[in-house]
Every structure is written in structure tokens, then in C-alpha cells.
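Printed here is structure-v4.txt (compact mmCIF, C-alpha atoms):
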# COMPACT_ATOMS: atom_id res chain seq x y z
CA MET A 1 -43.90 20.49 23.37
CA ARG A 2 -41.74 19.03 26.09
CA LYS A 3 -43.19 15.57 25.52
CA LEU A 4 -42.36 15.89 21.84
CA TRP A 5 -38.73 16.59 22.71
CA ILE A 6 -38.55 13.62 25.03
CA GLY A 7 -40.05 11.53 22.25
CA ILE A 8 -37.45 12.72 19.78
CA VAL A 9 -34.60 12.03 22.19
CA ILE A 10 -35.86 8.51 22.87
CA LEU A 11 -36.19 7.88 19.12
CA MET A 12 -32.63 9.07 18.59
CA LEU A 13 -31.36 6.81 21.35
CA PHE A 14 -33.06 3.83 19.73
CA ASN A 15 -31.47 4.62 16.40
CA ALA A 16 -28.08 4.98 18.05
CA CYS A 17 -28.42 1.49 19.41
CA LYS A 18 -29.06 -0.12 16.04
CA SER A 19 -26.16 -2.36 15.30
CA ASN A 20 -24.42 -1.86 12.01
CA THR A 21 -22.82 -5.28 11.78
CA LYS A 22 -22.94 -6.52 8.23
CA THR A 23 -23.90 -10.13 7.77
CA ALA A 24 -23.15 -10.42 4.07
CA LEU A 25 -20.96 -8.67 1.54
CA PRO A 26 -22.37 -7.58 -1.83
CA ILE A 27 -21.69 -9.63 -4.96
CA LEU A 28 -19.98 -7.52 -7.61
CA GLY A 29 -19.51 -7.78 -11.36
CA TYR A 30 -21.87 -8.35 -14.27
CA LYS A 31 -25.06 -10.25 -13.56
CA THR A 32 -26.88 -12.27 -16.18
CA PRO A 33 -30.37 -13.69 -15.76
CA VAL A 34 -30.42 -17.38 -16.61
CA THR A 35 -33.61 -19.22 -17.39
CA LYS A 36 -33.53 -22.89 -16.51
CA THR A 37 -36.09 -25.64 -16.48
CA VAL A 38 -36.19 -27.33 -13.08
CA ASN A 39 -38.68 -30.18 -12.58
CA GLY A 40 -40.76 -29.02 -15.52
CA LYS A 41 -40.97 -25.45 -14.23
CA THR A 42 -39.21 -22.50 -15.79
CA VAL A 43 -37.04 -20.71 -13.23
CA THR A 44 -35.10 -17.50 -13.74
CA ASP A 45 -31.95 -17.24 -11.70
CA THR A 46 -29.22 -14.62 -11.49
CA GLU A 47 -25.77 -15.74 -12.53
CA TYR A 48 -22.90 -13.68 -11.18
CA ALA A 49 -19.61 -13.03 -12.89
CA THR A 50 -16.90 -15.47 -11.81
CA ILE A 51 -13.16 -15.70 -12.36
CA PRO A 52 -12.57 -17.94 -15.41
CA PRO A 53 -10.13 -20.89 -15.41
CA PHE A 54 -6.43 -19.98 -15.59
CA GLU A 55 -2.96 -21.44 -15.40
CA PHE A 56 0.03 -19.61 -13.93
CA VAL A 57 3.29 -20.52 -12.17
CA ASN A 58 4.07 -19.39 -8.60
CA GLN A 59 7.37 -18.39 -6.97
CA TYR A 60 8.15 -22.05 -6.22
CA ALA A 61 7.73 -22.91 -9.95
CA ASP A 62 4.54 -24.84 -9.10
CA THR A 63 1.70 -24.65 -11.59
CA ILE A 64 -1.31 -22.90 -10.10
CA THR A 65 -4.76 -23.16 -11.65
CA GLN A 66 -8.23 -22.20 -10.48
CA LYS A 67 -8.42 -25.70 -8.92
CA ASN A 68 -5.75 -24.73 -6.37
CA LEU A 69 -8.15 -22.06 -5.15
CA ASP A 70 -11.20 -24.35 -4.88
CA GLY A 71 -12.75 -23.98 -1.45
CA LYS A 72 -10.63 -20.95 -0.66
CA ILE A 73 -11.35 -17.29 -0.15
CA TYR A 74 -8.63 -15.23 -1.78
CA VAL A 75 -7.37 -11.73 -2.48
CA ALA A 76 -5.79 -10.82 -5.84
CA ASP A 77 -3.68 -7.91 -6.99
CA PHE A 78 -1.41 -6.89 -9.87
CA PHE A 79 2.15 -5.65 -9.41
CA PHE A 80 5.74 -5.91 -10.61
CA THR A 81 8.87 -6.21 -8.50
CA THR A 82 10.67 -3.18 -9.92
CA CYS A 83 7.66 -0.90 -9.50
CA PRO A 84 8.89 2.35 -8.02
CA SER A 85 5.52 3.91 -7.28
CA ILE A 86 2.55 2.21 -5.68
CA CYS A 87 3.66 -1.43 -5.32
CA PRO A 88 5.84 -1.07 -2.20
CA VAL A 89 3.03 0.62 -0.32
CA MET A 90 0.51 -1.96 -1.62
CA HIS A 91 2.59 -4.87 -0.43
CA ARG A 92 3.42 -3.17 2.87
CA ASN A 93 -0.35 -3.10 3.41
CA MET A 94 -0.86 -6.61 1.99
CA LEU A 95 1.64 -7.90 4.56
CA ASN A 96 -0.97 -7.02 7.21
CA VAL A 97 -3.51 -9.22 5.42
CA TYR A 98 -0.90 -11.99 5.15
CA LYS A 99 -0.03 -11.83 8.84
CA GLU A 100 -3.69 -11.94 9.82
CA PHE A 101 -4.56 -15.07 7.82
CA LYS A 102 -1.29 -16.93 7.19
CA ASN A 103 -2.33 -19.89 9.35
CA ASP A 104 -5.65 -20.29 7.55
CA ASP A 105 -5.36 -22.97 4.83
CA ASN A 106 -8.66 -21.84 3.31
CA PHE A 107 -7.26 -18.42 2.49
CA ARG A 108 -4.80 -17.30 -0.21
CA ILE A 109 -3.30 -14.14 -1.64
CA ILE A 110 -2.29 -14.09 -5.32
CA SER A 111 -0.20 -11.31 -6.84
CA HIS A 112 0.09 -11.37 -10.62
CA THR A 113 3.20 -9.81 -12.09
CA ILE A 114 2.44 -7.63 -15.10
CA ASP A 115 6.12 -7.64 -16.12
CA PRO A 116 6.80 -11.36 -16.74
CA LYS A 117 9.88 -10.61 -18.84
CA TYR A 118 11.79 -9.25 -15.83
CA ASP A 119 9.86 -10.96 -13.03
CA THR A 120 10.89 -14.53 -13.74
CA VAL A 121 10.22 -17.27 -11.19
CA PRO A 122 13.62 -16.84 -9.44
CA VAL A 123 13.08 -13.07 -9.28
CA LEU A 124 9.66 -13.63 -7.71
CA LYS A 125 11.13 -16.11 -5.20
CA ARG A 126 13.82 -13.62 -4.24
CA TYR A 127 11.19 -10.88 -3.85
CA ALA A 128 9.06 -13.17 -1.66
CA ASP A 129 12.04 -14.01 0.55
CA LYS A 130 12.95 -10.36 0.95
CA LEU A 131 9.35 -9.40 1.62
CA GLY A 132 9.44 -11.97 4.40
CA ILE A 133 6.73 -14.30 3.13
CA ALA A 134 6.99 -18.10 3.21
CA GLY A 135 4.72 -21.12 2.79
CA ASN A 136 1.72 -21.20 0.49
CA THR A 137 -0.48 -18.38 1.79
CA TRP A 138 0.78 -15.79 -0.69
CA TRP A 139 1.58 -16.78 -4.26
CA LEU A 140 3.37 -14.50 -6.70
CA LEU A 141 2.17 -15.60 -10.12
CA HIS A 142 4.08 -15.55 -13.37
CA GLY A 143 2.42 -16.10 -16.73
CA GLU A 144 2.16 -15.05 -20.33
CA LYS A 145 1.56 -11.34 -20.51
CA GLY A 146 -1.62 -11.83 -22.56
CA ASP A 147 -3.03 -14.29 -20.02
CA THR A 148 -2.33 -11.94 -17.12
CA TYR A 149 -3.80 -8.93 -18.90
CA LYS A 150 -6.85 -10.95 -19.85
CA ILE A 151 -7.51 -12.22 -16.33
CA ALA A 152 -7.03 -8.68 -14.96
CA LYS A 153 -10.24 -7.77 -16.75
CA SER A 154 -12.10 -10.49 -14.85
CA TYR A 155 -10.96 -8.80 -11.65
CA LEU A 156 -12.21 -5.45 -13.09
CA GLN A 157 -8.60 -4.23 -13.17
CA SER A 158 -6.94 -2.19 -15.86
CA VAL A 159 -3.32 -2.91 -16.60
CA SER A 160 -1.45 -1.88 -19.71
CA GLU A 161 1.83 -2.03 -21.54
CA LYS A 162 4.65 0.36 -20.72
CA ASN A 163 3.87 3.95 -21.63
CA PRO A 164 6.38 6.05 -23.63
CA LYS A 165 8.16 6.97 -20.39
CA GLY A 166 8.82 3.26 -19.79
CA GLU A 167 6.37 3.04 -16.91
CA TYR A 168 3.69 0.46 -16.36
CA ILE A 169 0.33 1.90 -15.44
CA HIS A 170 -1.86 -0.37 -13.34
CA ASP A 171 -4.58 -0.21 -10.74
CA GLY A 172 -3.62 -0.64 -7.13
CA PHE A 173 -6.72 -2.49 -6.00
CA PHE A 174 -7.00 -5.60 -3.86
CA ILE A 175 -9.88 -7.79 -5.05
CA LEU A 176 -11.69 -10.13 -2.68
CA ILE A 177 -12.94 -13.39 -4.23
CA ASP A 178 -15.18 -15.92 -2.51
CA LYS A 179 -15.23 -19.73 -2.67
CA GLN A 180 -17.64 -19.59 -5.63
CA LYS A 181 -15.04 -17.42 -7.43
CA ARG A 182 -17.33 -14.38 -7.33
CA LEU A 183 -16.11 -10.82 -6.72
CA ARG A 184 -17.06 -9.63 -3.25
CA GLY A 185 -15.06 -6.45 -2.73
CA THR A 186 -12.48 -4.04 -4.15
CA TYR A 187 -10.11 -2.12 -1.89
CA GLU A 188 -7.57 0.61 -2.64
CA GLY A 189 -4.35 -1.23 -1.78
CA THR A 190 -2.41 1.95 -1.11
CA ASP A 191 -4.78 3.08 1.66
CA PRO A 192 -4.17 1.46 5.07
CA ALA A 193 -7.76 2.22 6.17
CA GLU A 194 -9.19 0.36 3.14
CA VAL A 195 -6.93 -2.59 3.86
CA THR A 196 -8.12 -2.68 7.46
CA LYS A 197 -11.65 -2.85 6.03
CA LEU A 198 -10.55 -5.70 3.74
CA ILE A 199 -9.35 -7.70 6.75
CA ALA A 200 -12.70 -7.11 8.50
CA ASP A 201 -14.61 -8.06 5.32
CA ILE A 202 -12.66 -11.31 4.94
CA LYS A 203 -13.80 -12.24 8.44
CA THR A 204 -17.40 -11.32 7.55
CA LEU A 205 -17.18 -13.36 4.34
CA LYS A 206 -15.75 -16.40 6.12
CA ALA A 207 -18.78 -16.38 8.41
CA GLU A 208 -21.36 -16.37 5.58
CA PRO A 209 -23.34 -19.64 5.53
CA ASP A 210 -22.65 -20.45 1.86
CA GLN A 211 -18.93 -19.88 2.42
CA ILE A 212 -18.86 -22.22 5.41
CA ALA A 213 -20.78 -24.82 3.38
CA ALA A 214 -18.64 -24.52 0.22
CA LYS A 215 -15.85 -27.00 -0.21
CA MET B 1 -9.29 46.68 34.22
CA LYS B 2 -6.04 45.57 35.83
CA LEU B 3 -6.66 42.01 34.64
CA LYS B 4 -7.22 43.23 31.10
CA VAL B 5 -3.92 45.09 31.08
CA ILE B 6 -2.07 42.06 32.47
CA GLY B 7 -3.78 39.89 29.86
CA ILE B 8 -2.77 42.14 26.99
CA ILE B 9 0.80 42.30 28.24
CA ALA B 10 0.90 38.52 28.52
CA ILE B 11 -0.34 38.09 24.96
CA LEU B 12 2.19 40.63 23.71
CA LEU B 13 4.99 38.77 25.48
CA VAL B 14 3.96 35.51 23.83
CA VAL B 15 3.80 37.12 20.39
CA VAL B 16 7.16 38.79 20.84
CA GLY B 17 8.62 35.55 22.17
CA ALA B 18 7.34 33.60 19.17
CA SER B 19 8.65 36.10 16.66
CA CYS B 20 12.05 36.16 18.36
CA GLN B 21 13.06 32.84 16.86
CA SER B 22 16.44 33.11 15.27
CA ASP B 23 16.76 33.14 11.49
CA ASP B 24 18.28 29.68 11.69
CA GLN B 25 15.24 28.29 13.44
CA ILE B 26 12.90 29.85 10.91
CA GLU B 27 14.98 28.51 8.04
CA PHE B 28 14.93 25.04 9.63
CA LYS B 29 11.15 25.12 9.94
CA ARG B 30 10.71 26.26 6.36
CA TYR B 31 12.95 23.50 5.05
CA TYR B 32 11.41 20.88 7.32
CA SER B 33 7.77 21.57 6.47
CA GLY B 34 8.51 21.87 2.74
CA GLY B 35 10.55 18.69 2.99
CA SER B 36 7.66 16.76 4.46
CA LEU B 37 5.66 17.46 1.28
CA VAL B 38 8.53 16.41 -0.98
CA TYR B 39 8.86 13.26 1.12
CA GLN B 40 5.19 12.37 0.68
CA GLN B 41 5.40 12.82 -3.07
CA HIS B 42 8.76 11.24 -3.82
CA CYS B 43 9.79 8.93 -0.99
CA GLN B 44 6.91 7.75 1.16
CA ASN B 45 5.54 5.02 -1.11
CA CYS B 46 8.74 3.05 -0.73
CA HIS B 47 10.26 4.20 2.55
CA GLY B 48 6.96 4.45 4.43
CA ASP B 49 5.20 7.16 6.41
CA LYS B 50 7.37 6.45 9.42
CA GLY B 51 10.57 5.85 7.45
CA GLN B 52 10.16 2.17 8.27
CA GLY B 53 11.16 0.80 4.83
CA LEU B 54 9.78 -2.53 3.64
CA SER B 55 11.11 -5.82 5.02
CA ALA B 56 14.43 -6.67 3.34
CA LEU B 57 13.46 -4.92 0.11
CA ILE B 58 13.63 -1.24 1.03
CA PRO B 59 15.89 0.11 3.79
CA PRO B 60 14.46 2.15 6.65
CA LEU B 61 15.50 5.78 7.16
CA THR B 62 15.75 5.37 10.91
CA ASP B 63 19.47 4.47 11.10
CA SER B 64 20.96 7.76 12.32
CA ILE B 65 24.50 6.37 12.24
CA TYR B 66 24.20 5.39 8.56
CA LEU B 67 22.81 8.83 7.74
CA LYS B 68 25.62 10.58 9.66
CA ASN B 69 28.33 8.46 8.03
CA ASN B 70 26.94 9.19 4.57
CA LYS B 71 25.88 12.76 5.23
CA ARG B 72 27.72 14.28 2.26
CA LYS B 73 26.54 11.54 -0.14
CA LEU B 74 22.80 11.68 0.58
CA ALA B 75 22.09 14.38 -2.03
CA CYS B 76 23.79 12.24 -4.70
CA PHE B 77 21.82 9.16 -3.61
CA ILE B 78 18.59 11.04 -4.29
CA LYS B 79 19.69 12.58 -7.60
CA ASN B 80 21.47 9.56 -9.10
CA GLY B 81 19.77 6.69 -7.31
CA LEU B 82 21.56 3.99 -5.39
CA LYS B 83 22.75 0.55 -6.49
CA GLY B 84 24.73 -2.19 -4.81
CA LYS B 85 24.91 -3.65 -1.35
CA ILE B 86 24.49 -1.39 1.66
CA THR B 87 24.09 -2.15 5.35
CA VAL B 88 21.42 -0.17 7.15
CA ALA B 89 20.19 -0.79 10.68
CA GLY B 90 22.28 -3.98 10.82
CA ARG B 91 20.62 -5.50 7.75
CA SER B 92 21.91 -5.67 4.21
CA PHE B 93 20.04 -4.40 1.18
CA ASP B 94 21.02 -4.73 -2.45
CA ASP B 95 18.08 -3.59 -4.53
CA GLN B 96 18.10 -0.49 -6.63
CA MET B 97 16.73 2.94 -5.80
CA GLN B 98 15.59 4.90 -8.85
CA PRO B 99 17.24 8.24 -9.59
CA ASP B 100 14.98 11.22 -8.97
CA ASP B 101 15.96 14.40 -10.74
CA ILE B 102 14.44 16.96 -8.37
CA ALA B 103 15.73 20.51 -7.81
CA PRO B 104 18.65 21.02 -5.38
CA LEU B 105 16.37 23.09 -3.15
CA GLU B 106 13.91 20.20 -2.94
CA ILE B 107 16.76 17.86 -2.10
CA ALA B 108 17.84 20.21 0.70
CA LYS B 109 14.30 20.34 2.06
CA VAL B 110 13.66 16.62 1.93
CA LEU B 111 17.04 15.83 3.49
CA THR B 112 16.28 18.29 6.29
CA TYR B 113 13.01 16.46 6.81
CA VAL B 114 14.47 12.94 6.74
CA THR B 115 17.53 13.69 8.87
CA ASN B 116 15.32 15.31 11.52
CA SER B 117 12.46 12.81 11.55
CA PHE B 118 12.12 9.12 12.42
CA GLY B 119 14.38 9.54 15.46
CA ASN B 120 17.11 11.39 13.52
CA ASN B 121 18.38 14.80 14.64
CA MET B 122 20.99 16.30 12.35
CA GLY B 123 19.87 19.90 11.85
CA THR B 124 19.28 21.85 8.63
CA VAL B 125 20.70 20.65 5.33
CA THR B 126 21.16 23.89 3.41
CA LEU B 127 20.87 24.52 -0.31
CA GLN B 128 24.55 25.55 -0.38
CA GLN B 129 25.58 22.27 1.19
CA VAL B 130 23.48 20.27 -1.29
CA GLN B 131 25.00 22.13 -4.24
CA ASP B 132 28.51 21.45 -2.93
CA ASP B 133 27.67 17.78 -2.41
CA LEU B 134 26.13 17.43 -5.88
CA ASN B 135 29.37 18.77 -7.41
CA ASN B 136 31.24 15.94 -5.74
CA CYS B 137 29.01 13.01 -6.72
CA GLN B 138 30.99 9.90 -7.48
Can you turn what I pasted into C-alpha cells?
Amino acid sequence: MRKLWIGIVILMLFNACKSNTKTALPILGYKTPVTKTVNGKTVTDTEYATIPPFEFVNQYADTITQKNLDGKIYVADFFFTTCPSICPVMHRNMLNVYKEFKNDDNFRIISHTIDPKYDTVPVLKRYADKLGIAGNTWWLLHGEKGDTYKIAKSYLQSVSEKNPKGEYIHDGFFILIDKQKRLRGTYEGTDPAEVTKLIADIKTLKAEPDQIAAK
Amino acid sequence: MKLKVIGIIAILLVVVGASCQSDDQIEFKRYYSGGSLVYQQHCQNCHGDKGQGLSALIPPLTDSIYLKNNKRKLACFIKNGLKGKITVAGRSFDDQMQPDDIAPLEIAKVLTYVTNSFGNNMGTVTLQQVQDDLNNCQ
């Protein structure tokens, strides 16, 4: 009996020592099997959902397309500058992500405004200045409402027109995208603990072999 | 046996001591704890869990001098919102705070919380005071 107990304790100690370090993040979104013919053989591969091409304008009035994010890991969210509810807390948390990676040219943050009528380019620039962000790490993107709402779906986000009370309803998630433009994580932007996890996951993602190799 | 008696007396003394708080202290605690809930629901998203504000967009609530100087206007700020340039903690802010039509009692509670948290120490803001202040909104 005593030996059994010792055995159990030793087993528990071994389990306690197992390291939980993740080496790769999951790939999210819809998967489609693709059958290709390679060297005369039929191969079935899994194709993951990616962010489609887009064209928006940032706070410096520069045109930003998917090409500007080639070879970069980035985080996306949806907001508007006059948002009285969740946006301030989202961007207070996003500032932590910005501070952590602002010297990394292979990293970007993009925040799409869902109220392009009010959030014109000068309004976005003023917001960026007041938020205390500079340089090209964090872009605030302005575009046609339809384009923004359409791309939100690619990020698995729901945004909608003003409700009868004049409020915009939108998700407060931060979406992590890899260099192949695949979705690698969603984080509740209003929760500081989730955002801390996002920062850790970005570091994990950066260390993945196919991210290091991607240009 | 002796120890038991001493122990019981000690406990009684503590209980009596705790219940001997003045009415003012009890009222303060009621307002303050209720105010912390109102703060979480109505203020915290913008002003932060530590009243820290957000960069140059949203002013902090840590400037005791600003709060003291505007003591009789704070209730109106909450009810009617705030527009125009203000200087808080040595920095200027000119964005808009949305009006929030909450009950005068909730205003009193949340003001008690704010003016006695984040390094501020201004005592209870009573319902009577809030009602007087709301009658004098500009």
C-alpha cells in the first residue's frame, strides 16, 4: 500500500514537471480540402481561410492594401473614435501591445473605423496623436462602410449599422493574423488578461518556423 | 475557564467597537461601496479602473485640486456631459464626455467613490448636496 502511494506521488511529480510551453498556435477559420495534382499524383491539402485583398486609407492619408502587410504579423480590431463604451478600454489595452512591439518592423496593428462618416482621415490622425501613437506600427484605417463591414466578416467579427438608439454595436475582439494572412487567435480586447495572452501569443507566433521563413 | 471568559469579553469588545461607528461613517461606506458599482458600470471603460484616463483623450480622475475646484459642478458634469477645453493634471483635454442620465442618488454614490479613491479624499457627497448642485447646473 505504501509503495503504491510513493508511486502515485512520483507520478504526480513527473506530471507537474511537464512543460506547458506552446510551440504553435492553432489556425482558425473555415478549412477547405483542396485536391491538386503534383507530379502526376493526386494530393489533398487543407486550405485555410485567409484575409482577402483590401484597400483602405490610414491616418496619414496613405493607401494601405494587403501588400503593405506582406511579411508581417498583425493584429486587427474594429472601433470608432466617438465610441463611449468599449473602445477606450480596448485601446488602453491595445497600447500595451503597441508598446511591446513598436520597434518591430515586421509587426503592425490595424484598427478599422466602422464610422467613416465621422472618422475622417484628419479625425483619425488627431485621435492617434492624442492616443500617443506615432510612426507606422499602428494604422487607423478609413474606408467605405461596405468594404469595412465586408472585411470584418473575414476577421469573424460582427459589426452593424447604428441601432435605433443611435449606437453602433460591434465586437471588441483583437484578431491575430500571421504572415500567410491566416487567423491565429481571437482575444477579448476589453480584458487585460486576454491582451497579456495576445502579447505572449505574438511572441510564440514569431518563433514558428514558417513565420521566420515567410517574407 | 478564565481564558474563555477573557476571550468572550475580547470578542464582545471588538463587536461593540465595530458597531460603534458613527452614522456618518456608515453612510460614507454605503455611498462608497454603492458608488464603486456605479463607477464600474458607467465610468470605468473610459476613465479606467484606477482613474488613470486614457492618454490625451480621456482625463484622469486623480487630480484632487481639479475635483476640489469643481466640487459643486461635478454632478452636472455627469448628468449633462462635458464639452470644451479643460485642464486636468497639468494637461489639456477637449473631447466630449457623453451625458449620463442616472438618478441623483447614483450620482451622489459615484461622486463619493471618485472623490475618495485614486488618491482623492473629499468625504461623502450627499444626495441633498447633489440635488442642490443639479438645480444650479449652468
What are the closest atom pairs, with distances in Å to one decimal, for all residues of chain A lying within 8 Å of chain B? Consider all atoms listed in the file, order rows by chain and residue number, and present the result as a tab-separated table.
residue	atom	partner	partner_atom	distance
A:Pro84	CA	B:Gln98	CA	7.2
A:Ser85	CA	B:Asn45	CA	6.3
A:Ile86	CA	B:Asn45	CA	6.1
A:Cys87	CA	B:Asn45	CA	7.9
A:Pro88	CA	B:Cys46	CA	5.2
A:Val89	CA	B:Asn45	CA	5.1
A:Arg92	CA	B:Leu54	CA	6.4
A:Tyr127	CA	B:Leu57	CA	7.5
A:Lys130	CA	B:Ala56	CA	4.6
A:Leu131	CA	B:Ser55	CA	5.2
A:Gly132	CA	B:Ser55	CA	6.4
Inset, instruction - Compare B:Ser36, B:Gln131, B:Thr124, B:Asn136 by their minimum atom-to-atom distance to Asp23 of chain B, counting all atoms listed in the file, and give me the closest one. - result: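 The answer is B:Thr124, which sits nearest to Asp23 of chain B.
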Inset, instruction - Grab the atom CA of Thr62 of chain B to atom CA of Val97 of chain A distance for me, in Å with one decimal place. - result: 24.8 Å
Inset, instruction - Write out as a PyMOL selection string which residues come within 9 Å of Ile110 of chain A when counting only C-alpha atoms, dropping same-chain ones fewer than 2 positions away. - result: chain A and resi 58+74-78+108+112+137-141
Legend entry - Within 7 Å of Lys145 of chain A using only C-alpha atoms, minus same-chain residues under 4 positions, as a ChimeraX atom specification: /A:114,116,149
Legend entry - Interatomic distance (Å, one decimal) between atom CA of Arg182 of chain A and atom CA of Thr50 of chain A: 4.6 Å
Inset, instruction - Please indicate the distance in Å from atom CA of Ala134 of chain A to atom CA of Phe101 of chain A, rounded to one decimal place. - result: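 Computing it gives 12.8 Å between the two atoms.
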With a distance cut-off of 8 Å and all atoms listed in the file, select the neighbouring residues of Gly189 of chain A, excluding the residue or stretch itself and same-chain residues fewer than 5 positions from it, and output the selection as a CSV table (one decimal) with C-alpha atoms, keeping the file's coordinate frame.
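What follows is the written file result-v8.csv:
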chain,number,residue,atom,x,y,z
A,89,VAL,CA,3.0,0.6,-0.3
A,90,MET,CA,0.5,-2.0,-1.6
A,91,HIS,CA,2.6,-4.9,-0.4
A,93,ASN,CA,-0.4,-3.1,3.4
A,94,MET,CA,-0.9,-6.6,2.0
A,172,GLY,CA,-3.6,-0.6,-7.1
A,173,PHE,CA,-6.7,-2.5,-6.0
A,174,PHE,CA,-7.0,-5.6,-3.9
A,194,GLU,CA,-9.2,0.4,3.1
A,195,VAL,CA,-6.9,-2.6,3.9
Inset, instruction - Rank B:Gly51, B:Gly84, B:Pro60, B:Gly35 by their smallest atom-to-atom distance to Thr112 of chain B, using only C-alpha atoms, and report the top residue only. - result: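 Closest candidate: B:Gly35.
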Inset, instruction - Write out as a list in words the residues lying within 12 Å of Lys73 of chain B, counting all atoms listed in the file and excluding same-chain residues fewer than 5 positions away. - result: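 The residues satisfying every condition are Tyr66, Leu67, Lys68, Ile78, Lys79, Asn80, Gly81, Leu82, Ile107, Leu111, Gln129, Val130, Gln131, Asp132, Asp133, Leu134, Asn135, Asn136, Cys137 and Gln138 of chain B.
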Saved selection, atoms kept: C-alpha atoms, as a PDB file, in the coordinates of the input:
ATOM      1  CA  TYR B  66      24.200   5.390   8.560  1.00  0.00           C
ATOM      2  CA  LEU B  67      22.810   8.830   7.740  1.00  0.00           C
ATOM      3  CA  LYS B  68      25.620  10.580   9.660  1.00  0.00           C
ATOM      4  CA  ILE B  78      18.590  11.040  -4.290  1.00  0.00           C
ATOM      5  CA  LYS B  79      19.690  12.580  -7.600  1.00  0.00           C
ATOM      6  CA  ASN B  80      21.470   9.560  -9.100  1.00  0.00           C
ATOM      7  CA  GLY B  81      19.770   6.690  -7.310  1.00  0.00           C
ATOM      8  CA  LEU B  82      21.560   3.990  -5.390  1.00  0.00           C
ATOM      9  CA  ILE B 107      16.760  17.860  -2.100  1.00  0.00           C
ATOM     10  CA  LEU B 111      17.040  15.830   3.490  1.00  0.00           C
ATOM     11  CA  GLN B 129      25.580  22.270   1.190  1.00  0.00           C
ATOM     12  CA  VAL B 130      23.480  20.270  -1.290  1.00  0.00           C
ATOM     13  CA  GLN B 131      25.000  22.130  -4.240  1.00  0.00           C
ATOM     14  CA  ASP B 132      28.510  21.450  -2.930  1.00  0.00           C
ATOM     15  CA  ASP B 133      27.670  17.780  -2.410  1.00  0.00           C
ATOM     16  CA  LEU B 134      26.130  17.430  -5.880  1.00  0.00           C
ATOM     17  CA  ASN B 135      29.370  18.770  -7.410  1.00  0.00           C
ATOM     18  CA  ASN B 136      31.240  15.940  -5.740  1.00  0.00           C
ATOM     19  CA  CYS B 137      29.010  13.010  -6.720  1.00  0.00           C
ATOM     20  CA  GLN B 138      30.990   9.900  -7.480  1.00  0.00           C
TER      21      GLN B 138
END
Legend entry - Point (-15.4, -27.6, -4.5) neighbourhood (10 Å, only C-alpha atoms) written as a list of chain:residue names: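 The distance filter leaves exactly A:Lys67, A:Leu69, A:Asp70, A:Gly71, A:Lys72, A:Lys179, A:Gln180, A:Ala213, A:Ala214, A:Lys215.
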Inset, instruction - Using all atoms listed in the file, pick whichever of B:Val5, B:Ile86, B:Leu127, B:Ala108 has the shortest atom-to-atom distance to Leu74 of chain B. - result: B:Ala108
Padded axis-aligned box of segment 32-41 of chain A (3 Å per side), centre and edge lengths, Å, one decimal, as JSON:
{"center_x": -33.9, "center_y": -21.2, "center_z": -15.0, "size_x": 20.1, "size_y": 23.9, "size_z": 10.8}
Legend entry - Residue contacts of Leu28 of chain A (9 Å, all atoms listed in the file) excluding same-chain residues fewer than 3 positions away, as a PyMOL selection string: chain A and resi 31+48-49+182-186
Export of prior selection with C-alpha atoms as a short mmCIF file (atom, residue, chain, number, x, y, z; two decimals), keeping the file's coordinate frame:
data_model
loop_
_atom_site.label_atom_id
_atom_site.label_comp_id
_atom_site.auth_asym_id
_atom_site.auth_seq_id
_atom_site.Cartn_x
_atom_site.Cartn_y
_atom_site.Cartn_z
CA LYS A 31 -25.06 -10.25 -13.56
CA TYR A 48 -22.90 -13.68 -11.18
CA ALA A 49 -19.61 -13.03 -12.89
CA ARG A 182 -17.33 -14.38 -7.33
CA LEU A 183 -16.11 -10.82 -6.72
CA ARG A 184 -17.06 -9.63 -3.25
CA GLY A 185 -15.06 -6.45 -2.73
CA THR A 186 -12.48 -4.04 -4.15
#
